[in-house]
2 protein chains.
Amino acid sequence: MIVTVTPNPALDVTYRLDALTVDATNRVAEVSCRAGGKGVNVARLLHGLSGGSVGPVAGGVEVVAVGLAGGAAGTALLADLDEAGLAYAFVPCAAETRRTVAVVDSGAATVTMLNEPGPVVTPAEWKALCRRLEGLLPEATVVVLSGSLPPGLPPDAYAALVRQAERHGVPAVLDADGGALLAALSAGPEVVKPNISELGRAMTARNGTSGPTGSANSPDPAGGAAWMRREGARAVVVSDGPRGLYADTPDGRWRAVPPEVRGGNPTGAGDAAVAALALGLAAGWDWPRTLVQAAALSAAAVRHPLAGQIDQAAYLDHVGRVRLERARSESEDSQCR
Amino acid sequence: MIVTVTPNPALDVTYRLDALTVDATNRVAEVSCRAGGKGVNVARLLHGLSGGSVGPVAGGVEVVAVGLAGGAAGTALLADLDEAGLAYAFVPCAAETRRTVAVVDSGAATVTMLNEPGPVVTPAEWKALCRRLEGLLPEATVVVLSGSLPPGLPPDAYAALVRQAERHGVPAVLDADGGALLAALSAGPEVVKPNISELGRAMTARNGTSGPTGSANSPDPAGGAAWMRREGARAVVVSDGPRGLYADTPDGRWRAVPPEVRGGNPTGAGDAAVAALALGLAAGWDWPRTLVQAAALSAAAVRHPLAGQIDQAAYLDHVGRVRLERARSESEDSQCR
């Protein structure tokens, strides 16, 4: 069983309108709502793979979504999980779950995101979340820790959850940003999956510079991944958009480059890579197999308009065409860029 | 007891941010929510006048807000009415109450409104709303009918409510727009309060032109009000922004011009005028007194940042300085413009 933990999930609301005019009254033509947040998207993707006829999962995979939900938005979030048939074990919180509003202007083809701040979580609610996870860990094969931390959680919350999982011998896949990511490295997560921007920000925050090679805006993934491993992560997989994945692991270093993907929705690509990394750990795949699946699922997620879902035809097309290259050494790889 | 009916209320959400960037991700700094919709604002204003130490109400006025509320937004709306201490008798509907989102860009000083469409109301829910009103009419002195009709309601819904009130001898004040306003005139509402734009739209819709004088964008209030009385309204009060109110009544015609008001929030001004018109009918005031109060309350509402509330100091200042003029005849008044 794969457990995804989303401390700061969201109710993702989409407003479609013909034209958005700033400083005027706009009539929204269509409203839709959906449970969101990175870990929820990972759970939805894994759940979809189990039910689907194509994909990397032969016998299906059991997944449980864990998180905090409060207020009317929290209720709507859980109702959407019910509708999707997703198993979950959320902990109630008093403050209201945040909403994100995507204002889609069909005429101008723009998407304006309005992201509410997260709810302030109390120490008692944080303890309840840890207890909920504790009850699931005996059955868990992998724990996925995804997304931002809501206000009120300690900055080392992910470090605590990584250590809690480790006490049960359960490996953790971490997808976080900023301080939450930095503080968790020393706890030794099994895999960390920053995207290239998150890697740059982490390097800048730790060093005041972006390290020996690269700049904060376009850091060197090889140097950054090696640095994160020195900080404590057992393996690091950097997602770099159309350039694919760079992995630094105890078994070696690879690049996995998907076939060219035109256009699409990049939001769910990172979540799809995380889903594949969790699957690989749960199933005992070797790194090459895991990375090919991660690159193919990411590219197939870009082709689907909704986060947490993939274009199955694109997946079938991509999975045989991912280019996997061994990267021999940190410095050699840097020179190849 | 004054009863306000709001068939299409809203949960008014305000997002404050430092800068709004279209086609990018924006972090909302502050979220606030409030029960809204024109009739709810009128009820809030009347309730506030009863409790306050200043204002036109000596012994206080009892007010009950009636409407339809559904889903999470409906629950939040009723919770806000509870918090405000406002008496209400809402009817549940299955579809979710609409939200309005006001995106306030503090830096650029812009307000971008995103208005969700209203819920689709079923015939059974509409009947339940009529029954709820029926139970209140024996105790009512005035009924206020305010705002748009949600999808699903018949276009002559307000006409039906005006006639229902009349069967109990209760006068109705109507504040509506477009087809809902036009269809209600023949039912003989006691007072209709269009603003100048609504008057222009109604004239254009009925005649294909704006009538004998004025254009659709800036119609002649005297000609328009006289026309609405010929269509069935017993009295018509046209609100015309800083130019004040024009009234055509069985007792004569007046203009009530408030002292100059700089800046402010014009949203709640019409609702404040409606509140004063309802008060005047309930208390048996003559038209001059009613119109002076309506002009003063409107101007004081413009000075308050939130709809449904007034700046009490501004009210006290304005009420003695409203200029009331008799308008002798329809054609004569037109020439004075």
# chains A, B, ... in the order shown; residues from 1 in each chain; ligands from 1
call {"tool": "residues_around", "arguments": {"residues": "stretch 282-295 of chain B", "least_positions_apart": "2", "cutoff": "8 Å", "atoms": "only C-alpha atoms", "output": "list in words"}}
result
Met1, Ile2, Pro56, Thr141, Val142, Gly244, Leu245, Asp251, Trp254, Ala256, Val257, Pro258, Ala272, Ala273, Val274, Ala275, Ala276, Leu277, Ala278, Leu279, Gly280, Leu297, Ser298, Ala299, Val319, Val322, Arg323 and Leu324 of chain B
call {"tool": "write_last_selection", "arguments": {"atoms": "C-alpha atoms", "output": "PDB file, in the first residue's frame"}}
result
ATOM      1  CA  MET B   1     -41.938  43.677  10.333  1.00  0.00           C
ATOM      2  CA  ILE B   2     -40.107  44.267   7.041  1.00  0.00           C
ATOM      3  CA  PRO B  56     -34.002  57.466  11.187  1.00  0.00           C
ATOM      4  CA  THR B 141     -45.734  45.660   6.992  1.00  0.00           C
ATOM      5  CA  VAL B 142     -43.558  45.835   3.838  1.00  0.00           C
ATOM      6  CA  GLY B 244     -29.485  61.871  -6.259  1.00  0.00           C
ATOM      7  CA  LEU B 245     -33.028  60.501  -6.497  1.00  0.00           C
ATOM      8  CA  ASP B 251     -48.515  62.641  -4.234  1.00  0.00           C
ATOM      9  CA  TRP B 254     -39.493  65.351  -6.369  1.00  0.00           C
ATOM     10  CA  ALA B 256     -33.676  64.688  -3.602  1.00  0.00           C
ATOM     11  CA  VAL B 257     -30.035  65.687  -4.023  1.00  0.00           C
ATOM     12  CA  PRO B 258     -27.503  64.737  -1.335  1.00  0.00           C
ATOM     13  CA  ALA B 272     -29.571  51.912   1.226  1.00  0.00           C
ATOM     14  CA  ALA B 273     -32.176  53.849  -0.767  1.00  0.00           C
ATOM     15  CA  VAL B 274     -34.381  50.735  -0.873  1.00  0.00           C
ATOM     16  CA  ALA B 275     -33.997  50.315   2.907  1.00  0.00           C
ATOM     17  CA  ALA B 276     -35.208  53.909   3.435  1.00  0.00           C
ATOM     18  CA  LEU B 277     -38.149  53.438   1.052  1.00  0.00           C
ATOM     19  CA  ALA B 278     -39.197  50.328   3.012  1.00  0.00           C
ATOM     20  CA  LEU B 279     -38.821  52.193   6.312  1.00  0.00           C
ATOM     21  CA  GLY B 280     -40.954  55.065   5.018  1.00  0.00           C
ATOM     22  CA  LEU B 297     -28.669  56.896   3.747  1.00  0.00           C
ATOM     23  CA  SER B 298     -27.464  56.328   0.168  1.00  0.00           C
ATOM     24  CA  ALA B 299     -24.733  58.919   0.525  1.00  0.00           C
ATOM     25  CA  VAL B 319     -29.412  64.192   6.606  1.00  0.00           C
ATOM     26  CA  VAL B 322     -30.247  66.957   1.441  1.00  0.00           C
ATOM     27  CA  ARG B 323     -31.811  69.394  -1.077  1.00  0.00           C
ATOM     28  CA  LEU B 324     -35.420  68.419  -1.811  1.00  0.00           C
TER      29      LEU B 324
END
call {"tool": "interface_residues", "arguments": {"of": "chain A", "to": "chain B", "cutoff": "10 Å", "atoms": "only C-alpha atoms", "output": "PyMOL selection string"}}
result
chain A and resi 15-17+20-31+71-73+75-76+98+100-105+108-117
call {"tool": "atom_distance", "arguments": {"atom1": "atom CA of A:Ala159", "atom2": "atom CA of A:Val3"}}
result
16.4 Å
call {"tool": "select_by_dssp", "arguments": {"residues": "stretch 64-243 of chain B", "states": "strand (DSSP E or B)", "output": "ChimeraX atom specification"}}
result
/B:64-69,88-92,98-105,110-115,142-146,172-175,191-192,195,214,219,235-239
call {"tool": "closest_residue", "arguments": {"among": "A:Ala300, A:Val238, A:Leu149, A:Val170", "to": "A:Lys38", "atoms": "only C-alpha atoms"}}
result
A:Leu149
call {"tool": "select_by_dssp", "arguments": {"residues": "stretch 35-281 of chain B", "states": "helix (DSSP H, G or I)", "output": "JSON, numbers by chain"}}
result
{"B": [38, 39, 40, 41, 42, 43, 44, 45, 46, 47, 48, 49, 50, 51, 71, 72, 73, 74, 75, 76, 77, 78, 79, 80, 81, 82, 83, 84, 123, 124, 125, 126, 127, 128, 129, 130, 131, 132, 133, 134, 135, 136, 137, 138, 139, 157, 158, 159, 160, 161, 162, 163, 164, 165, 166, 167, 178, 179, 180, 181, 182, 183, 184, 185, 196, 197, 198, 199, 200, 201, 202, 203, 204, 205, 206, 207, 221, 222, 223, 224, 225, 226, 227, 228, 229, 230, 231, 241, 242, 243, 266, 267, 268, 269, 270, 271, 272, 273, 274, 275, 276, 277, 278, 279, 280, 281]}
call {"tool": "residues_around", "arguments": {"residues": "A:Val173", "least_positions_apart": "4", "cutoff": "10 Å", "atoms": "only C-alpha atoms", "output": "PDB file with N, CA, C and O atoms, in the first residue's frame"}}
result
ATOM      1  N   THR A   4      -0.020   8.491   0.481  1.00  0.00           N
ATOM      2  CA  THR A   4       0.402   9.853   0.130  1.00  0.00           C
ATOM      3  C   THR A   4      -0.042  10.791   1.239  1.00  0.00           C
ATOM      4  O   THR A   4      -1.184  10.720   1.703  1.00  0.00           O
ATOM      5  N   VAL A 142       5.403   2.295   0.793  1.00  0.00           N
ATOM      6  CA  VAL A 142       6.053   3.574   0.477  1.00  0.00           C
ATOM      7  C   VAL A 142       5.181   4.701   1.021  1.00  0.00           C
ATOM      8  O   VAL A 142       3.942   4.594   0.997  1.00  0.00           O
ATOM      9  N   VAL A 143       5.837   5.771   1.506  1.00  0.00           N
ATOM     10  CA  VAL A 143       5.106   6.985   1.889  1.00  0.00           C
ATOM     11  C   VAL A 143       5.542   8.113   0.964  1.00  0.00           C
ATOM     12  O   VAL A 143       6.747   8.315   0.755  1.00  0.00           O
ATOM     13  N   VAL A 144       4.574   8.820   0.392  1.00  0.00           N
ATOM     14  CA  VAL A 144       4.847   9.985  -0.453  1.00  0.00           C
ATOM     15  C   VAL A 144       4.503  11.234   0.338  1.00  0.00           C
ATOM     16  O   VAL A 144       3.384  11.340   0.860  1.00  0.00           O
ATOM     17  N   LEU A 145       5.451  12.175   0.448  1.00  0.00           N
ATOM     18  CA  LEU A 145       5.231  13.433   1.174  1.00  0.00           C
ATOM     19  C   LEU A 145       5.282  14.559   0.148  1.00  0.00           C
ATOM     20  O   LEU A 145       6.327  14.788  -0.463  1.00  0.00           O
ATOM     21  N   SER A 146       4.162  15.257  -0.046  1.00  0.00           N
ATOM     22  CA  SER A 146       4.078  16.159  -1.196  1.00  0.00           C
ATOM     23  C   SER A 146       3.481  17.515  -0.878  1.00  0.00           C
ATOM     24  O   SER A 146       2.473  17.607  -0.190  1.00  0.00           O
ATOM     25  N   VAL A 162       9.530  11.676   7.687  1.00  0.00           N
ATOM     26  CA  VAL A 162      10.514  10.755   7.088  1.00  0.00           C
ATOM     27  C   VAL A 162      11.040   9.798   8.155  1.00  0.00           C
ATOM     28  O   VAL A 162      11.124   8.579   7.951  1.00  0.00           O
ATOM     29  N   PRO A 189      15.576  11.025   3.451  1.00  0.00           N
ATOM     30  CA  PRO A 189      14.498  10.463   2.628  1.00  0.00           C
ATOM     31  C   PRO A 189      15.066   9.556   1.533  1.00  0.00           C
ATOM     32  O   PRO A 189      16.165   9.794   1.038  1.00  0.00           O
ATOM     33  N   GLU A 190      14.317   8.516   1.175  1.00  0.00           N
ATOM     34  CA  GLU A 190      14.783   7.545   0.191  1.00  0.00           C
ATOM     35  C   GLU A 190      14.980   8.218  -1.169  1.00  0.00           C
ATOM     36  O   GLU A 190      15.988   7.998  -1.835  1.00  0.00           O
ATOM     37  N   VAL A 191      14.003   9.024  -1.604  1.00  0.00           N
ATOM     38  CA  VAL A 191      14.109   9.774  -2.860  1.00  0.00           C
ATOM     39  C   VAL A 191      13.577  11.188  -2.633  1.00  0.00           C
ATOM     40  O   VAL A 191      12.522  11.358  -1.999  1.00  0.00           O
ATOM     41  N   VAL A 192      14.309  12.169  -3.167  1.00  0.00           N
ATOM     42  CA  VAL A 192      13.820  13.541  -3.192  1.00  0.00           C
ATOM     43  C   VAL A 192      13.619  13.918  -4.647  1.00  0.00           C
ATOM     44  O   VAL A 192      14.471  13.610  -5.486  1.00  0.00           O
ATOM     45  N   LYS A 193      12.474  14.562  -4.976  1.00  0.00           N
ATOM     46  CA  LYS A 193      12.224  14.938  -6.367  1.00  0.00           C
ATOM     47  C   LYS A 193      11.969  16.444  -6.500  1.00  0.00           C
ATOM     48  O   LYS A 193      10.828  16.888  -6.594  1.00  0.00           O
ATOM     49  N   ALA A 233      19.865  13.006   1.459  1.00  0.00           N
ATOM     50  CA  ALA A 233      18.931  12.251   0.612  1.00  0.00           C
ATOM     51  C   ALA A 233      19.640  11.027   0.046  1.00  0.00           C
ATOM     52  O   ALA A 233      20.781  11.121  -0.402  1.00  0.00           O
ATOM     53  N   ALA A 235      18.603   9.188  -2.637  1.00  0.00           N
ATOM     54  CA  ALA A 235      18.597   9.352  -4.094  1.00  0.00           C
ATOM     55  C   ALA A 235      17.909  10.673  -4.407  1.00  0.00           C
ATOM     56  O   ALA A 235      17.040  11.121  -3.654  1.00  0.00           O
ATOM     57  N   VAL A 236      18.316  11.289  -5.522  1.00  0.00           N
ATOM     58  CA  VAL A 236      17.720  12.563  -5.932  1.00  0.00           C
ATOM     59  C   VAL A 236      17.337  12.451  -7.405  1.00  0.00           C
ATOM     60  O   VAL A 236      18.148  12.017  -8.232  1.00  0.00           O
ATOM     61  N   VAL A 274       6.603  11.590  -9.471  1.00  0.00           N
ATOM     62  CA  VAL A 274       6.592  11.115  -8.084  1.00  0.00           C
ATOM     63  C   VAL A 274       5.810   9.800  -7.985  1.00  0.00           C
ATOM     64  O   VAL A 274       6.236   8.861  -7.298  1.00  0.00           O
ATOM     65  N   ALA A 275       4.680   9.721  -8.686  1.00  0.00           N
ATOM     66  CA  ALA A 275       3.879   8.489  -8.662  1.00  0.00           C
ATOM     67  C   ALA A 275       4.711   7.308  -9.162  1.00  0.00           C
ATOM     68  O   ALA A 275       4.692   6.221  -8.574  1.00  0.00           O
ATOM     69  N   LEU A 277       8.025   7.059  -9.163  1.00  0.00           N
ATOM     70  CA  LEU A 277       9.094   6.764  -8.205  1.00  0.00           C
ATOM     71  C   LEU A 277       8.543   5.918  -7.052  1.00  0.00           C
ATOM     72  O   LEU A 277       9.197   4.971  -6.587  1.00  0.00           O
ATOM     73  N   ALA A 278       7.325   6.248  -6.582  1.00  0.00           N
ATOM     74  CA  ALA A 278       6.699   5.470  -5.506  1.00  0.00           C
ATOM     75  C   ALA A 278       6.389   4.050  -5.975  1.00  0.00           C
ATOM     76  O   ALA A 278       6.646   3.073  -5.251  1.00  0.00           O
ATOM     77  N   LEU A 281       9.603   1.964  -6.079  1.00  0.00           N
ATOM     78  CA  LEU A 281      10.018   1.524  -4.744  1.00  0.00           C
ATOM     79  C   LEU A 281       9.100   0.406  -4.242  1.00  0.00           C
ATOM     80  O   LEU A 281       9.563  -0.589  -3.656  1.00  0.00           O
TER      81      LEU A 281
END
call {"tool": "atom_distance", "arguments": {"atom1": "atom CA of B:Pro242", "atom2": "atom CA of B:His318"}}
result
12.9 Å
call {"tool": "residues_around", "arguments": {"residues": "stretch 195-198 of chain A", "least_positions_apart": "5", "cutoff": "6 Å", "atoms": "only C-alpha atoms", "output": "PyMOL selection string"}}
result
chain A and resi 177+238-240
call {"tool": "atom_distance", "arguments": {"atom1": "atom CA of B:Val66", "atom2": "atom CA of B:Leu136"}}
result
9.6 Å
call {"tool": "residues_around", "arguments": {"residues": "A:Ala124", "least_positions_apart": "5", "cutoff": "12 Å", "atoms": "only C-alpha atoms", "output": "list of chain:residue names"}}
result
A:Leu68, A:Val91, A:Pro92, A:Cys93, A:Ala94, A:Leu129, A:Cys130, A:Arg131, A:Gly152, A:Leu153
call {"tool": "write_last_selection", "arguments": {"atoms": "N, CA, C and O atoms", "output": "PDB file, in the first residue's frame"}}
result
ATOM      1  N   LEU A  68      -4.965  16.879   5.753  1.00  0.00           N
ATOM      2  CA  LEU A  68      -5.795  17.658   6.669  1.00  0.00           C
ATOM      3  C   LEU A  68      -6.885  18.336   5.852  1.00  0.00           C
ATOM      4  O   LEU A  68      -6.607  18.879   4.781  1.00  0.00           O
ATOM      5  N   VAL A  91      -7.523  13.889   8.249  1.00  0.00           N
ATOM      6  CA  VAL A  91      -7.717  14.339   9.622  1.00  0.00           C
ATOM      7  C   VAL A  91      -8.424  15.696   9.550  1.00  0.00           C
ATOM      8  O   VAL A  91      -8.021  16.556   8.758  1.00  0.00           O
ATOM      9  N   PRO A  92      -9.488  15.893  10.347  1.00  0.00           N
ATOM     10  CA  PRO A  92     -10.164  17.196  10.296  1.00  0.00           C
ATOM     11  C   PRO A  92      -9.338  18.309  10.941  1.00  0.00           C
ATOM     12  O   PRO A  92      -8.612  18.068  11.916  1.00  0.00           O
ATOM     13  N   CYS A  93      -9.407  19.507  10.362  1.00  0.00           N
ATOM     14  CA  CYS A  93      -8.818  20.674  11.022  1.00  0.00           C
ATOM     15  C   CYS A  93      -9.887  21.755  11.108  1.00  0.00           C
ATOM     16  O   CYS A  93     -10.847  21.770  10.327  1.00  0.00           O
ATOM     17  N   ALA A  94      -9.739  22.631  12.086  1.00  0.00           N
ATOM     18  CA  ALA A  94     -10.791  23.627  12.353  1.00  0.00           C
ATOM     19  C   ALA A  94     -10.806  24.699  11.271  1.00  0.00           C
ATOM     20  O   ALA A  94     -11.864  25.138  10.837  1.00  0.00           O
ATOM     21  N   LEU A 129      -2.474  14.150  12.723  1.00  0.00           N
ATOM     22  CA  LEU A 129      -2.027  13.709  11.392  1.00  0.00           C
ATOM     23  C   LEU A 129      -0.931  12.645  11.522  1.00  0.00           C
ATOM     24  O   LEU A 129      -0.936  11.628  10.822  1.00  0.00           O
ATOM     25  N   CYS A 130       0.003  12.889  12.455  1.00  0.00           N
ATOM     26  CA  CYS A 130       1.088  11.916  12.679  1.00  0.00           C
ATOM     27  C   CYS A 130       0.519  10.575  13.174  1.00  0.00           C
ATOM     28  O   CYS A 130       0.975   9.509  12.755  1.00  0.00           O
ATOM     29  N   ARG A 131      -0.463  10.658  14.069  1.00  0.00           N
ATOM     30  CA  ARG A 131      -1.078   9.421  14.581  1.00  0.00           C
ATOM     31  C   ARG A 131      -1.799   8.671  13.465  1.00  0.00           C
ATOM     32  O   ARG A 131      -1.759   7.446  13.392  1.00  0.00           O
ATOM     33  N   GLY A 152       1.505  26.998  10.685  1.00  0.00           N
ATOM     34  CA  GLY A 152       1.261  26.309  11.953  1.00  0.00           C
ATOM     35  C   GLY A 152       2.051  25.024  12.083  1.00  0.00           C
ATOM     36  O   GLY A 152       2.362  24.601  13.194  1.00  0.00           O
ATOM     37  N   LEU A 153       2.398  24.394  10.957  1.00  0.00           N
ATOM     38  CA  LEU A 153       3.227  23.181  11.045  1.00  0.00           C
ATOM     39  C   LEU A 153       4.681  23.585  11.260  1.00  0.00           C
ATOM     40  O   LEU A 153       5.140  24.589  10.721  1.00  0.00           O
TER      41      LEU A 153
END
call {"tool": "residues_around", "arguments": {"residues": "stretch 8-11 of chain A", "least_positions_apart": "5", "cutoff": "8 Å", "atoms": "only C-alpha atoms", "output": "ChimeraX atom specification"}}
result
/A:33-40,67-69,73-74,76-77,97-100,118-119,147-150
call {"tool": "write_last_selection", "arguments": {"atoms": "N, CA, C and O atoms", "output": "compact mmCIF listing (two decimals), in the first residue's frame"}}
result
# COMPACT_ATOMS: atom_id res chain seq x y z
N CYS A 33 -15.03 22.19 -9.78
CA CYS A 33 -14.28 22.02 -8.53
C CYS A 33 -13.68 20.64 -8.50
O CYS A 33 -14.28 19.69 -9.02
N ARG A 34 -12.53 20.52 -7.82
CA ARG A 34 -11.84 19.25 -7.81
C ARG A 34 -10.88 19.23 -6.63
O ARG A 34 -10.28 20.25 -6.29
N ALA A 35 -10.74 18.05 -6.01
CA ALA A 35 -9.76 17.90 -4.93
C ALA A 35 -8.37 18.04 -5.52
O ALA A 35 -8.07 17.44 -6.55
N GLY A 36 -7.51 18.83 -4.89
CA GLY A 36 -6.17 19.04 -5.41
C GLY A 36 -5.12 19.09 -4.32
O GLY A 36 -5.38 18.79 -3.15
N GLY A 37 -3.92 19.47 -4.72
CA GLY A 37 -2.75 19.38 -3.87
C GLY A 37 -1.90 18.26 -4.42
O GLY A 37 -2.42 17.25 -4.91
N LYS A 38 -0.55 18.43 -4.33
CA LYS A 38 0.34 17.50 -5.02
C LYS A 38 0.13 16.04 -4.63
O LYS A 38 0.07 15.15 -5.48
N GLY A 39 0.01 15.77 -3.32
CA GLY A 39 -0.13 14.38 -2.87
C GLY A 39 -1.46 13.78 -3.30
O GLY A 39 -1.55 12.57 -3.59
N VAL A 40 -2.50 14.61 -3.35
CA VAL A 40 -3.81 14.15 -3.82
C VAL A 40 -3.71 13.78 -5.30
O VAL A 40 -4.25 12.76 -5.74
N GLY A 67 -4.24 13.48 4.72
CA GLY A 67 -4.04 14.92 4.74
C GLY A 67 -4.91 15.56 5.79
O GLY A 67 -5.50 14.87 6.63
N LEU A 68 -4.96 16.88 5.75
CA LEU A 68 -5.79 17.66 6.67
C LEU A 68 -6.89 18.34 5.85
O LEU A 68 -6.61 18.88 4.78
N ALA A 69 -8.12 18.31 6.34
CA ALA A 69 -9.21 18.97 5.61
C ALA A 69 -10.12 19.67 6.61
O ALA A 69 -10.45 19.11 7.65
N ALA A 73 -14.62 23.99 2.19
CA ALA A 73 -13.74 23.54 1.11
C ALA A 73 -13.21 22.15 1.41
O ALA A 73 -13.06 21.31 0.50
N GLY A 74 -12.94 21.85 2.69
CA GLY A 74 -12.48 20.52 3.07
C GLY A 74 -13.56 19.47 2.81
O GLY A 74 -13.27 18.37 2.31
N ALA A 76 -15.96 19.68 0.59
CA ALA A 76 -16.08 19.51 -0.86
C ALA A 76 -14.92 18.67 -1.40
O ALA A 76 -15.10 17.85 -2.31
N LEU A 77 -13.73 18.86 -0.83
CA LEU A 77 -12.57 18.08 -1.24
C LEU A 77 -12.81 16.58 -1.00
O LEU A 77 -12.59 15.74 -1.88
N THR A 97 -9.77 24.57 4.63
CA THR A 97 -8.86 24.18 3.56
C THR A 97 -8.80 25.30 2.51
O THR A 97 -9.80 25.92 2.21
N ARG A 98 -7.61 25.54 1.98
CA ARG A 98 -7.47 26.62 0.98
C ARG A 98 -8.13 26.22 -0.34
O ARG A 98 -8.27 25.05 -0.66
N ARG A 99 -8.51 27.23 -1.10
CA ARG A 99 -8.95 27.06 -2.47
C ARG A 99 -7.90 27.62 -3.39
O ARG A 99 -7.21 28.58 -3.04
N THR A 100 -7.78 27.05 -4.57
CA THR A 100 -7.07 27.73 -5.63
C THR A 100 -8.11 28.00 -6.71
O THR A 100 -8.96 27.16 -6.97
N GLY A 118 -2.87 28.81 3.04
CA GLY A 118 -3.35 27.60 3.70
C GLY A 118 -3.93 27.91 5.08
O GLY A 118 -3.71 28.99 5.63
N PRO A 119 -4.68 26.95 5.64
CA PRO A 119 -5.27 27.14 6.96
C PRO A 119 -4.19 27.07 8.04
O PRO A 119 -3.18 26.39 7.87
N GLY A 147 4.13 18.54 -1.42
CA GLY A 147 3.55 19.88 -1.41
C GLY A 147 4.01 20.74 -0.25
O GLY A 147 4.87 20.36 0.55
N SER A 148 3.39 21.92 -0.16
CA SER A 148 3.77 22.90 0.85
C SER A 148 3.28 22.48 2.23
O SER A 148 2.43 21.60 2.36
N LEU A 149 3.84 23.12 3.25
CA LEU A 149 3.35 22.93 4.62
C LEU A 149 2.42 24.10 4.95
O LEU A 149 2.77 25.25 4.70
N PRO A 150 1.24 23.83 5.53
CA PRO A 150 0.36 24.95 5.89
C PRO A 150 0.93 25.71 7.08
O PRO A 150 1.75 25.16 7.84
call {"tool": "residues_around", "arguments": {"residues": "A:Gly268", "least_positions_apart": "5", "cutoff": "8 Å", "atoms": "only C-alpha atoms", "output": "PyMOL selection string"}}
result
chain A and resi 41+298+301-302+306-309
call {"tool": "write_last_selection", "arguments": {"atoms": "C-alpha atoms", "output": "tab-separated table (two decimals), in the first residue's frame"}}
result
chain	number	residue	atom	x	y	z
A	41	ASN	CA	-2.79	14.30	-7.49
A	298	SER	CA	5.36	12.71	-16.81
A	301	ALA	CA	0.51	13.79	-17.77
A	302	VAL	CA	1.51	16.91	-19.73
A	306	LEU	CA	-6.19	17.80	-15.56
A	307	ALA	CA	-3.53	17.26	-12.89
A	308	GLY	CA	-3.51	13.70	-11.53
A	309	GLN	CA	-4.50	12.14	-14.83
